[in-house]
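Q: Supplied structure: coords34.txt, compact mmCIF, C-alpha atoms.
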# COMPACT_ATOMS: atom_id res chain seq x y z
CA MET O 998 -54.93 -20.03 2.87
CA SER O 999 -56.29 -20.21 6.43
CA PHE O 1000 -54.99 -18.85 9.71
CA ASN O 1001 -54.75 -19.95 13.32
CA VAL O 1002 -56.17 -17.37 15.75
CA LEU O 1003 -55.62 -17.07 19.51
CA ILE O 1004 -58.33 -15.13 21.40
CA VAL O 1005 -57.28 -13.86 24.84
CA ASP O 1006 -60.05 -12.47 27.07
CA ASP O 1007 -61.13 -13.21 30.64
CA SER O 1008 -64.78 -13.24 29.58
CA ASN O 1009 -66.00 -16.56 28.15
CA SER O 1010 -68.86 -14.72 26.47
CA MET O 1011 -66.58 -12.20 24.81
CA ARG O 1012 -64.30 -14.95 23.52
CA ALA O 1013 -67.33 -16.76 22.11
CA VAL O 1014 -68.60 -13.59 20.43
CA ILE O 1015 -65.24 -12.75 18.89
CA LYS O 1016 -64.88 -16.33 17.64
CA LYS O 1017 -68.39 -16.26 16.18
CA ILE O 1018 -67.80 -12.92 14.45
CA ILE O 1019 -64.52 -14.10 12.94
CA THR O 1020 -66.20 -17.32 11.75
CA ILE O 1021 -69.22 -15.67 10.13
CA SER O 1022 -67.17 -12.81 8.69
CA GLY O 1023 -65.69 -15.20 6.16
CA PHE O 1024 -62.17 -14.78 7.52
CA GLN O 1025 -60.35 -17.97 6.69
CA MET O 1026 -59.74 -19.32 10.17
CA ASP O 1027 -58.26 -22.76 10.66
CA LYS O 1028 -57.72 -23.36 14.37
CA CYS O 1029 -59.18 -21.05 17.04
CA LEU O 1030 -57.44 -21.22 20.41
CA GLU O 1031 -58.66 -19.47 23.55
CA ALA O 1032 -56.98 -18.18 26.72
CA ALA O 1033 -58.40 -16.33 29.73
CA ASN O 1034 -55.30 -14.18 30.34
CA GLY O 1035 -51.73 -13.55 29.20
CA ARG O 1036 -50.29 -16.44 31.19
CA GLU O 1037 -52.63 -18.94 29.58
CA ALA O 1038 -51.89 -17.37 26.20
CA MET O 1039 -48.16 -17.99 26.60
CA GLU O 1040 -48.90 -21.62 27.52
CA LYS O 1041 -50.99 -22.07 24.35
CA LEU O 1042 -48.26 -20.45 22.27
CA ALA O 1043 -45.68 -22.88 23.62
CA ASP O 1044 -47.54 -25.78 21.97
CA ASN O 1045 -49.30 -24.25 18.99
CA TRP O 1046 -48.48 -22.20 15.92
CA VAL O 1047 -50.61 -19.05 15.82
CA ASP O 1048 -50.87 -16.51 12.97
CA VAL O 1049 -52.64 -13.73 14.84
CA ILE O 1050 -53.55 -12.93 18.47
CA VAL O 1051 -56.66 -10.98 19.46
CA SER O 1052 -56.31 -9.82 23.07
CA ASP O 1053 -58.12 -7.84 25.74
CA ILE O 1054 -56.06 -5.56 28.03
CA ASN O 1055 -57.83 -5.63 31.39
CA MET O 1056 -57.26 -9.21 32.65
CA SER O 1057 -56.04 -10.73 35.90
CA GLU O 1058 -52.63 -12.46 36.33
CA VAL O 1059 -50.95 -11.30 33.10
CA ASN O 1060 -52.81 -8.47 31.34
CA GLY O 1061 -52.77 -7.63 27.64
CA LEU O 1062 -49.95 -5.08 27.84
CA GLU O 1063 -47.78 -7.48 29.85
CA LEU O 1064 -48.52 -10.15 27.24
CA LEU O 1065 -47.18 -7.78 24.55
CA ASP O 1066 -43.97 -7.40 26.60
CA GLN O 1067 -43.56 -11.16 26.99
CA LEU O 1068 -44.10 -11.70 23.26
CA SER O 1069 -41.57 -9.02 22.30
CA ARG O 1070 -38.92 -10.68 24.50
CA ASN O 1071 -39.44 -14.03 22.75
CA GLU O 1072 -37.64 -14.43 19.42
CA MET O 1073 -40.03 -17.12 18.25
CA LEU O 1074 -43.17 -15.17 19.06
CA ARG O 1075 -42.34 -11.50 18.58
CA GLU O 1076 -43.46 -11.45 14.92
CA ILE O 1077 -46.99 -12.68 15.64
CA PRO O 1078 -49.32 -9.73 15.07
CA VAL O 1079 -51.46 -8.77 18.07
CA ILE O 1080 -54.77 -6.91 17.87
CA MET O 1081 -56.00 -5.38 21.11
CA ILE O 1082 -59.78 -5.50 21.60
CA THR O 1083 -60.47 -3.50 24.71
CA THR O 1084 -62.68 -1.09 26.59
CA GLU O 1085 -59.62 1.00 27.48
CA GLY O 1086 -59.66 3.30 24.48
CA SER O 1087 -57.86 6.45 25.60
CA GLU O 1088 -55.33 7.90 23.13
CA GLU O 1089 -52.50 7.33 25.60
CA ARG O 1090 -53.47 3.69 26.16
CA MET O 1091 -53.59 3.12 22.39
CA LYS O 1092 -50.15 4.71 21.95
CA GLU O 1093 -48.82 2.57 24.80
CA ALA O 1094 -50.18 -0.61 23.20
CA PHE O 1095 -48.68 0.23 19.80
CA ALA O 1096 -45.35 1.16 21.41
CA ARG O 1097 -45.30 -2.24 23.11
CA GLY O 1098 -45.89 -4.05 19.82
CA ALA O 1099 -49.63 -4.16 19.10
CA LYS O 1100 -50.48 -4.02 15.40
CA GLY O 1101 -54.16 -3.19 15.65
CA PHE O 1102 -56.64 -1.70 18.12
CA ILE O 1103 -60.41 -2.18 18.38
CA LYS O 1104 -62.52 -0.48 21.03
CA LYS O 1105 -65.32 -2.36 22.75
CA PRO O 1106 -68.21 -2.16 22.04
CA PHE O 1107 -67.45 -2.98 18.42
CA LEU O 1108 -69.24 -3.81 15.21
CA PRO O 1109 -68.46 -7.16 13.52
CA GLU O 1110 -67.08 -5.40 10.41
CA GLU O 1111 -64.40 -3.68 12.50
CA ILE O 1112 -62.91 -7.01 13.61
CA LYS O 1113 -62.84 -8.39 10.09
CA LYS O 1114 -61.29 -5.21 8.65
CA VAL O 1115 -58.51 -4.99 11.24
CA LEU O 1116 -57.77 -8.73 11.03
CA TYR O 1117 -57.21 -8.52 7.27
CA GLN O 1118 -55.17 -5.31 7.62
CA VAL O 1119 -52.91 -6.79 10.27
CA ILE O 1120 -52.33 -10.10 8.52
CA GLY O 1121 -51.77 -8.33 5.21
CA VAL O 1122 -54.25 -10.26 3.10
CA GLY O 1123 -57.15 -9.05 1.01
CA GLN O 1124 -60.76 -9.86 1.85
CA ASP O 1125 -60.48 -12.86 -0.51
CA GLY O 1126 -57.85 -14.37 1.78
CA GLN O 1127 -55.02 -13.85 -0.72
CA TYR O 1128 -51.90 -11.87 0.13
CA GLU O 1129 -52.21 -8.38 -1.30
CA GLU O 1130 -49.87 -7.75 -4.23
CA ASP O 1131 -47.26 -5.04 -4.00
CA SER O 1132 -48.44 -2.42 -6.48
CA ARG O 1133 -44.99 -0.83 -6.85
CA SER O 1134 -42.97 -1.55 -9.98
CA SER O 1135 -39.88 -3.71 -9.60
CA ASP O 1136 -37.69 -0.57 -9.86
CA GLU O 1137 -39.28 0.82 -6.74
CA LEU O 1138 -38.80 -2.31 -4.66
CA ASP O 1139 -36.21 -2.25 -1.94
CA PHE O 1140 -33.83 -4.83 -3.43
CA MET L 156 -75.11 22.73 30.19
CA ASP L 157 -73.65 22.09 33.62
CA ASN L 158 -70.99 19.45 34.18
CA MET L 159 -73.23 17.01 36.02
CA LYS L 160 -75.87 17.07 33.30
CA LYS L 161 -73.22 16.58 30.61
CA THR L 162 -71.62 13.71 32.52
CA GLN L 163 -75.02 12.04 32.93
CA GLU L 164 -75.72 12.39 29.21
CA VAL L 165 -72.33 10.84 28.34
CA LEU L 166 -72.96 7.94 30.74
CA MET L 167 -76.41 7.36 29.28
CA ASN L 168 -75.05 7.35 25.71
CA SER L 169 -72.39 4.82 26.71
CA ILE L 170 -75.04 2.55 28.24
CA PHE L 171 -77.21 2.77 25.11
CA GLU L 172 -74.22 2.10 22.86
CA VAL L 173 -73.09 -1.00 24.76
CA PHE L 174 -76.56 -2.50 25.09
CA GLU L 175 -77.53 -1.85 21.48
CA LYS L 176 -74.24 -2.84 19.82
CA MET L 177 -73.31 -5.86 21.91
CA PHE L 178 -76.59 -7.18 23.29
CA PHE L 179 -79.23 -5.85 20.86
CA VAL L 180 -81.21 -4.62 23.86
CA PHE L 181 -82.93 -1.25 23.51
CA LEU L 182 -83.39 0.63 26.76
CA GLU L 183 -85.81 3.39 27.72
CA PRO L 184 -84.92 5.69 30.63
CA VAL L 185 -87.45 5.51 33.47
CA ASP L 186 -87.81 7.44 36.70
CA GLU L 187 -89.27 4.92 39.08
CA ASP L 188 -87.38 2.50 41.29
CA ILE L 189 -86.61 -0.87 39.78
CA ARG L 190 -86.06 -4.44 40.91
CA TYR L 191 -82.77 -6.28 40.37
CA ASP L 192 -81.39 -9.82 40.79
CA MET L 193 -77.65 -9.23 40.38
CA VAL L 194 -75.13 -6.46 40.94
CA ALA L 195 -71.86 -5.92 39.06
CA SER L 196 -69.30 -3.33 40.14
CA ILE L 197 -66.18 -1.80 38.62
CA GLN L 198 -63.77 0.79 39.97
CA PHE L 199 -61.89 3.38 37.95
CA LYS L 200 -58.75 5.26 38.90
CA GLY L 201 -57.11 8.17 37.11
CA PRO L 202 -57.67 11.96 37.16
CA ARG L 203 -60.86 11.06 39.08
CA LYS L 204 -61.51 7.99 41.18
CA GLY L 205 -64.83 6.24 41.47
CA LEU L 206 -67.10 3.26 41.15
CA ILE L 207 -69.87 2.24 38.77
CA ARG L 208 -72.48 -0.37 39.69
CA ALA L 209 -75.02 -2.12 37.46
CA TYR L 210 -78.23 -3.49 38.99
CA ILE L 211 -79.66 -5.98 36.52
CA SER L 212 -82.86 -8.01 36.60
CA ARG L 213 -82.65 -11.69 35.66
CA PRO L 214 -84.88 -11.35 32.56
CA ILE L 215 -82.68 -8.61 31.09
CA ALA L 216 -79.52 -10.58 31.87
CA SER L 217 -81.02 -13.61 30.16
CA VAL L 218 -81.91 -11.64 27.03
CA MET L 219 -78.38 -10.16 26.98
CA VAL L 220 -76.87 -13.66 26.98
CA GLU L 221 -79.36 -15.01 24.42
CA ASN L 222 -78.73 -12.13 22.02
CA MET L 223 -74.99 -11.92 22.49
CA LEU L 224 -74.26 -15.61 22.18
CA GLY L 225 -77.23 -16.70 20.06
CA LEU L 226 -78.48 -19.13 22.72
CA ASP L 227 -81.95 -20.41 23.55
CA PRO L 228 -83.36 -19.26 26.92
CA LYS L 229 -82.93 -22.83 28.25
CA GLU L 230 -79.20 -22.70 27.53
CA VAL L 231 -78.64 -19.57 29.62
CA THR L 232 -76.89 -20.29 32.94
CA ASP L 233 -76.08 -18.23 36.02
CA LYS L 234 -72.45 -18.29 34.92
CA THR L 235 -73.17 -16.83 31.47
CA MET L 236 -75.39 -14.13 33.02
CA GLU L 237 -72.63 -13.23 35.48
CA ASP L 238 -70.12 -13.05 32.64
CA CYS L 239 -72.36 -10.80 30.53
CA ALA L 240 -73.21 -8.54 33.48
CA LYS L 241 -69.51 -8.02 34.27
CA GLU L 242 -68.52 -7.55 30.63
CA SER L 243 -71.33 -5.07 29.97
CA LEU L 244 -70.22 -2.96 32.93
CA ASN L 245 -66.60 -3.16 31.83
CA MET L 246 -67.61 -1.83 28.40
CA ILE L 247 -69.89 0.87 29.84
CA ALA L 248 -67.11 2.14 32.14
CA GLY L 249 -64.47 2.11 29.38
CA SER L 250 -66.75 3.77 26.85
CA PHE L 251 -67.96 6.38 29.34
CA LEU L 252 -64.47 7.42 30.47
CA ASN L 253 -63.23 7.53 26.89
CA LYS L 254 -66.18 9.64 25.74
CA LEU L 255 -65.71 11.98 28.69
CA ASP L 256 -62.12 12.74 27.69
CA SER L 257 -60.14 10.42 25.42
CA LYS L 258 -56.87 12.16 26.35
CA LYS L 259 -57.07 11.09 29.98
CA VAL L 260 -55.93 7.64 31.05
CA TYR L 261 -57.97 5.63 33.53
CA ASP L 262 -57.26 2.21 34.98
CA LEU L 263 -60.24 -0.08 35.38
CA SER L 264 -60.45 -2.80 38.01
CA ILE L 265 -61.54 -6.35 37.18
CA PRO L 266 -65.37 -6.24 37.52
CA THR L 267 -66.92 -8.00 40.52
CA TYR L 268 -70.32 -9.65 40.75
CA GLU L 269 -72.85 -10.40 43.44
CA LYS L 270 -76.05 -12.39 43.05
CA LYS L 271 -78.59 -10.55 45.20
CA SER L 272 -82.12 -9.29 44.67
CA GLY L 273 -83.77 -6.11 45.80
CA LYS L 274 -85.38 -2.87 44.91
CA PHE L 275 -82.94 -0.34 43.56
CA SER L 276 -82.84 3.14 44.95
CA LYS L 277 -80.02 5.61 44.62
CA SER L 278 -77.38 5.15 47.33
CA ALA L 279 -76.74 8.09 49.63
CA ASP L 280 -73.18 8.47 48.32
CA ALA L 281 -74.05 8.03 44.62
CA THR L 282 -73.16 10.92 42.33
CA MET L 283 -75.79 9.85 39.82
CA ALA L 284 -78.21 7.00 39.18
CA LEU L 285 -80.04 6.01 36.02
CA CYS L 286 -82.89 3.51 35.60
CA PHE L 287 -83.96 1.82 32.38
CA ASP L 288 -86.72 -0.39 31.06
CA SER L 289 -86.69 -2.78 28.14
CA ASP L 290 -89.95 -4.56 27.30
CA GLY L 291 -91.07 -4.38 30.91
CA GLN L 292 -87.75 -5.56 32.35
CA GLN L 293 -85.46 -3.26 34.25
CA MET L 294 -81.92 -2.33 35.13
CA GLY L 295 -80.14 0.51 36.84
CA ILE L 296 -76.70 2.09 36.87
CA GLU L 297 -75.23 4.24 39.60
CA MET L 298 -71.91 5.99 39.83
CA MET L 299 -69.95 7.26 42.80
CA VAL L 300 -67.11 9.72 42.20
CA GLU L 301 -64.71 10.69 44.97
CA GLN L 302 -64.70 14.46 45.41
Can you give me the file's structure in the form of structure tokens?
A:
Amino acid sequence: MSFNVLIVDDSNSMRAVIKKIITISGFQMDKCLEAANGREAMEKLADNWVDVIVSDINMSEVNGLELLDQLSRNEMLREIPVIMITTEGSEERMKEAFARGAKGFIKKPFLPEEIKKVLYQVIGVGQDGQYEEDSRSSDELDF
Amino acid sequence: MDNMKKTQEVLMNSIFEVFEKMFFVFLEPVDEDIRYDMVASIQFKGPRKGLIRAYISRPIASVMVENMLGLDPKEVTDKTMEDCAKESLNMIAGSFLNKLDSKKVYDLSIPTYEKKSGKFSKSADATMALCFDSDGQQMGIEMMVEQ
């Protein structure tokens, strides 16, 4: 199983680094789309299916937090998990991002392993790319 | 330890962290004035308001791009150096403010960039200035905080 990833960052270099790290980490990436801000991200999402979004916060036009708001208002897009990769790492800013729908948070500067770990956690697959099995017995399941 | 000394130590640790983790560049603090070929600036606003500037020499900027993106020196362009200079400052500012007090929220501006050469010396209104050397190439950081 492979996944389509959208990387949103106003720095070309940072997008290239994140893409490279995801590629060499062994994460099973199919298509990698890129956008320089939230507005461009929404345009890409209008034409492409994406499994996970990796986004910066501090960007011009539409920033990362505003992108989270736009995604949560869109029925088709609100379930796509978003990981924030940002320099803005205060506790309040993290809480704000999670409250607005982010599923993961990575502070820049980061180590390659951090990206891989959070990607797998957020998508809910093991490091082998397979969905992790529910370890609960059938009696414990919700229905 | 007085506040200024502590703040300077936190800023220096943030600079080391960013350069080592993201650019694989190892810096040594130096006292003397340095030469630069580009200047990146970023403003921060929150409990305190201020500005951080990075004065970077072309050889260091080139090594940053080469190491970060895995490029040959010939592939490095002015645009990629500008991008790396701005991004490095963005990370230094974010890391510094977070290390100073992770409970306080600061807003960072979009970094700006200017291609200009000169000899760096601490501005009259700078709160602190730090100079570094890496394999004979130099860079400097200065910070202004509104009192």
Q: Identify, on the basis of all atoms listed in the file, every residue whose closest approach to Glu301 in chain L does not exceed 8 Å; exclude the query and any residue fewer than 6 positions from it along the same chain; express the result as a short mmCIF file (atom, residue, chain, number, x, y, z; two decimals) with C-alpha atoms, in the frame of the given file.
A:
data_model
loop_
_atom_site.label_atom_id
_atom_site.label_comp_id
_atom_site.auth_asym_id
_atom_site.auth_seq_id
_atom_site.Cartn_x
_atom_site.Cartn_y
_atom_site.Cartn_z
CA ARG L 203 -60.86 11.06 39.08
CA LYS L 204 -61.51 7.99 41.18
CA GLY L 205 -64.83 6.24 41.47
#
Q: May I have the residues within 9 Å of Asp186 in chain L as a ChimeraX atom specification, using only C-alpha atoms and disregarding those fewer than 4 positions away in the same chain?
A: /L:285-287
Q: Which distance in Å separates CA of Ile1077 in chain O and CA of Glu1110 in chain O, to one decimal?
A: 22.0 Å
Q: Quick one: which residues from chain L are at most 10 Å off chain O, using all atoms listed in the file, as an MDAnalysis selection string?
A: chainID L and resid 169 172:178 220 223:225 234:239 241:243 245:254 256:266
Q: Would you give the centre and edge lengths, in Å to one decimal, of a box along x, y and z around the listed atoms of range 163-167 of chain L, with 4 Å added to each side, as JSON?
A:
{"center_x": -74.4, "center_y": 9.9, "center_z": 30.6, "size_x": 12.1, "size_y": 13.0, "size_z": 12.6}
Q: From the list O:Val1047, O:Val1005, O:Ile1054, O:Ile1015, which residue is nearest Glu1111 in chain O when using all atoms listed in the file?
A: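 When distances to Glu1111 in chain O are compared using all atoms listed in the file, the smallest one comes from O:Ile1015.
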Q: Can you list, as an mmCIF file with C-alpha atoms, in the frame of the given file, every protein, DNA or RNA residue that comes within 7 Å of Cys1029 in chain O when you count all atoms listed in the file, leaving out same-chain residues fewer than 2 positions away?
A:
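Written output follows (part.cif):
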data_model
loop_
_atom_site.group_PDB
_atom_site.id
_atom_site.type_symbol
_atom_site.label_atom_id
_atom_site.label_comp_id
_atom_site.auth_asym_id
_atom_site.auth_seq_id
_atom_site.Cartn_x
_atom_site.Cartn_y
_atom_site.Cartn_z
ATOM 1 C CA ASN O 1001 -54.750 -19.950 13.320
ATOM 2 C CA VAL O 1002 -56.170 -17.370 15.750
ATOM 3 C CA LEU O 1003 -55.620 -17.070 19.510
ATOM 4 C CA ASP O 1027 -58.260 -22.760 10.660
ATOM 5 C CA GLU O 1031 -58.660 -19.470 23.550
#
Q: Contacts of Met1039 in chain O at 12 Å or less, counting all atoms listed in the file, minus same-chain residues fewer than 2 places along, as a PyMOL selection string?
A: chain O and resi 1003-1005+1030-1037+1041-1047+1050+1059-1061+1063-1071+1073-1075
Q: To one decimal in Å, tell me the separation between CA of Glu269 in chain L and CA of Arg213 in chain L.
A: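 Between CA of Glu269 in chain L and CA of Arg213 in chain L the gap is 12.6 Å.
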